[in-house]
Amino acid sequence: MKKFFYRATENDTLFSIAQKFNIPVTLLVKLNNLKTEVESGDLLYIEKEDCLLYNVKPFDTASSLALKFNTTEQKILSDNGVDYLFYGLIIKI
(Lines give C-alpha, C1' and ligand atoms only; values in the text may rest on other atoms or scores of the structure.)
Protein backbone atom coordinates (compact mmCIF):
# COMPACT_ATOMS: atom_id res chain seq x y z
CA MET A 1 0.00 0.00 0.00
CA LYS A 2 1.29 3.43 -0.95
CA LYS A 3 0.73 6.22 1.59
CA PHE A 4 1.58 9.87 0.96
CA PHE A 5 0.34 13.45 1.24
CA TYR A 6 -0.93 15.70 -1.54
CA ARG A 7 -1.43 19.48 -1.37
CA ALA A 8 -4.56 20.64 -3.21
CA THR A 9 -4.14 23.28 -5.89
CA GLU A 10 -6.52 26.02 -6.99
CA ASN A 11 -8.55 23.97 -9.49
CA ASP A 12 -8.65 20.71 -7.53
CA THR A 13 -11.92 19.10 -6.50
CA LEU A 14 -12.49 15.88 -4.59
CA PHE A 15 -13.45 14.22 -7.86
CA SER A 16 -10.38 15.46 -9.78
CA ILE A 17 -8.00 14.40 -7.00
CA ALA A 18 -9.63 10.97 -6.76
CA GLN A 19 -9.34 10.59 -10.54
CA LYS A 20 -5.70 11.74 -10.47
CA PHE A 21 -4.75 9.02 -7.99
CA ASN A 22 -7.29 6.47 -9.22
CA ILE A 23 -8.96 6.10 -5.82
CA PRO A 24 -12.62 6.32 -4.78
CA VAL A 25 -13.88 9.77 -3.74
CA THR A 26 -15.47 8.11 -0.71
CA LEU A 27 -12.05 6.87 0.42
CA LEU A 28 -10.52 10.34 0.01
CA VAL A 29 -13.33 11.86 2.10
CA LYS A 30 -13.05 9.16 4.76
CA LEU A 31 -9.24 9.31 5.09
CA ASN A 32 -9.31 13.08 5.50
CA ASN A 33 -12.55 13.39 7.51
CA LEU A 34 -13.85 15.91 4.99
CA LYS A 35 -17.20 17.63 5.40
CA THR A 36 -16.84 20.07 2.47
CA GLU A 37 -15.02 20.38 -0.84
CA VAL A 38 -11.24 20.82 -0.73
CA GLU A 39 -9.62 24.23 -0.91
CA SER A 40 -6.33 25.28 -2.45
CA GLY A 41 -3.53 24.52 0.01
CA ASP A 42 -5.33 21.72 1.87
CA LEU A 43 -2.99 18.85 2.72
CA LEU A 44 -4.66 15.53 1.99
CA TYR A 45 -3.63 12.07 3.09
CA ILE A 46 -3.73 9.53 0.25
CA GLU A 47 -3.70 5.74 0.56
CA LYS A 48 -3.53 3.79 -2.62
CA GLU A 49 -3.99 0.08 -2.22
CA ASP A 50 -2.41 -2.45 -4.48
CA CYS A 51 -5.72 -3.85 -5.64
CA LEU A 52 -7.93 -3.82 -8.67
CA LEU A 53 -9.77 -0.55 -9.24
CA TYR A 54 -12.87 -0.60 -11.38
CA ASN A 55 -14.77 2.28 -12.94
CA VAL A 56 -18.50 1.51 -12.62
CA LYS A 57 -20.19 1.45 -16.02
CA PRO A 58 -23.85 2.02 -16.91
CA PHE A 59 -26.04 -0.87 -15.76
CA ASP A 60 -23.37 -2.32 -13.42
CA THR A 61 -24.77 -3.48 -10.11
CA ALA A 62 -23.11 -4.75 -6.96
CA SER A 63 -24.62 -8.13 -7.80
CA SER A 64 -23.29 -8.26 -11.36
CA LEU A 65 -19.82 -7.15 -10.27
CA ALA A 66 -19.78 -9.65 -7.41
CA LEU A 67 -20.38 -12.42 -9.94
CA LYS A 68 -17.82 -11.01 -12.36
CA PHE A 69 -15.07 -10.69 -9.72
CA ASN A 70 -15.98 -13.72 -7.59
CA THR A 71 -16.84 -11.80 -4.43
CA THR A 72 -20.01 -10.68 -2.63
CA GLU A 73 -22.24 -7.64 -3.05
CA GLN A 74 -21.81 -6.74 0.62
CA LYS A 75 -17.99 -6.87 0.37
CA ILE A 76 -17.98 -4.57 -2.65
CA LEU A 77 -20.29 -2.07 -0.96
CA SER A 78 -18.62 -2.15 2.47
CA ASP A 79 -15.05 -2.04 1.09
CA ASN A 80 -15.97 1.13 -0.78
CA GLY A 81 -18.07 2.76 1.95
CA VAL A 82 -21.19 3.06 -0.20
CA ASP A 83 -24.77 1.77 -0.09
CA TYR A 84 -25.12 1.51 -3.87
CA LEU A 85 -23.05 1.85 -7.05
CA PHE A 86 -23.45 4.53 -9.67
CA TYR A 87 -21.97 5.26 -13.08
CA GLY A 88 -18.49 6.77 -12.90
CA LEU A 89 -17.73 5.64 -9.35
CA ILE A 90 -14.27 4.12 -9.00
CA ILE A 91 -14.36 1.18 -6.63
CA LYS A 92 -11.77 -1.22 -5.32
CA ILE A 93 -12.31 -4.93 -5.79
# chains A, B, ... in the order shown; residues from 1 in each chain; ligands from 1

$ select_by_dssp --residues "chain A" --states "strand (DSSP E or B)" --output "list in words"
Lys2, Lys3, Phe4, Phe5, Tyr6, Arg7, Leu43, Leu44, Tyr45, Ile46, Glu47, Lys48, Leu53, Tyr54, Asn55, Ile90, Ile91 and Lys92 of chain A

$ write_last_selection --atoms "N, CA, C and O atoms" --output "short mmCIF file (atom, residue, chain, number, x, y, z; two decimals), in the first residue's frame"
data_model
loop_
_atom_site.label_atom_id
_atom_site.label_comp_id
_atom_site.auth_asym_id
_atom_site.auth_seq_id
_atom_site.Cartn_x
_atom_site.Cartn_y
_atom_site.Cartn_z
N LYS A 2 0.56 2.17 -0.88
CA LYS A 2 1.29 3.43 -0.95
C LYS A 2 0.56 4.46 -0.10
O LYS A 2 -0.66 4.60 -0.20
N LYS A 3 1.30 5.18 0.73
CA LYS A 3 0.73 6.22 1.59
C LYS A 3 1.56 7.49 1.40
O LYS A 3 2.78 7.45 1.45
N PHE A 4 0.87 8.62 1.17
CA PHE A 4 1.58 9.87 0.96
C PHE A 4 0.61 11.03 1.15
O PHE A 4 -0.58 10.84 1.35
N PHE A 5 1.15 12.25 1.12
CA PHE A 5 0.34 13.45 1.24
C PHE A 5 0.32 14.19 -0.09
O PHE A 5 1.28 14.13 -0.87
N TYR A 6 -0.77 14.92 -0.32
CA TYR A 6 -0.93 15.70 -1.54
C TYR A 6 -1.51 17.06 -1.14
O TYR A 6 -2.48 17.13 -0.38
N ARG A 7 -0.91 18.14 -1.65
CA ARG A 7 -1.43 19.48 -1.37
C ARG A 7 -2.33 19.91 -2.53
O ARG A 7 -1.92 19.93 -3.70
N LEU A 43 -3.89 20.00 2.77
CA LEU A 43 -2.99 18.85 2.72
C LEU A 43 -3.83 17.60 2.93
O LEU A 43 -4.48 17.45 3.96
N LEU A 44 -3.83 16.72 1.95
CA LEU A 44 -4.66 15.53 1.99
C LEU A 44 -3.82 14.27 2.11
O LEU A 44 -2.78 14.15 1.46
N TYR A 45 -4.28 13.37 2.92
CA TYR A 45 -3.63 12.07 3.09
C TYR A 45 -4.20 11.13 2.03
O TYR A 45 -5.41 11.03 1.86
N ILE A 46 -3.33 10.44 1.31
CA ILE A 46 -3.73 9.53 0.25
C ILE A 46 -3.22 8.13 0.59
O ILE A 46 -2.05 7.98 0.95
N GLU A 47 -4.09 7.15 0.47
CA GLU A 47 -3.70 5.74 0.56
C GLU A 47 -4.14 5.08 -0.72
O GLU A 47 -5.30 5.15 -1.09
N LYS A 48 -3.20 4.47 -1.37
CA LYS A 48 -3.53 3.79 -2.62
C LYS A 48 -3.18 2.32 -2.47
O LYS A 48 -2.01 1.95 -2.38
N LEU A 53 -8.79 -1.65 -9.27
CA LEU A 53 -9.77 -0.55 -9.24
C LEU A 53 -10.63 -0.68 -10.48
O LEU A 53 -10.15 -1.02 -11.56
N TYR A 54 -11.91 -0.42 -10.30
CA TYR A 54 -12.87 -0.60 -11.38
C TYR A 54 -13.75 0.63 -11.48
O TYR A 54 -14.27 1.11 -10.47
N ASN A 55 -13.91 1.13 -12.69
CA ASN A 55 -14.77 2.28 -12.94
C ASN A 55 -16.16 1.75 -13.29
O ASN A 55 -16.33 1.09 -14.31
N ILE A 90 -15.43 5.01 -8.95
CA ILE A 90 -14.27 4.12 -9.00
C ILE A 90 -14.26 3.34 -7.69
O ILE A 90 -14.23 3.94 -6.62
N ILE A 91 -14.32 2.03 -7.81
CA ILE A 91 -14.36 1.18 -6.63
C ILE A 91 -13.16 0.25 -6.61
O ILE A 91 -12.55 -0.02 -7.64
N LYS A 92 -12.83 -0.21 -5.42
CA LYS A 92 -11.77 -1.22 -5.32
C LYS A 92 -12.42 -2.59 -5.20
O LYS A 92 -13.47 -2.74 -4.58
#

$ residues_around --residues "Glu10 in chain A" --least-positions-apart "3" --cutoff "8 Å" --atoms "only C-alpha atoms" --output "PyMOL selection string"
chain A and resi 39-41

$ select_by_dssp --residues "chain A" --states "helix (DSSP H, G or I)" --output "ChimeraX atom specification"
/A:14-21,25-32,62-68,73-79
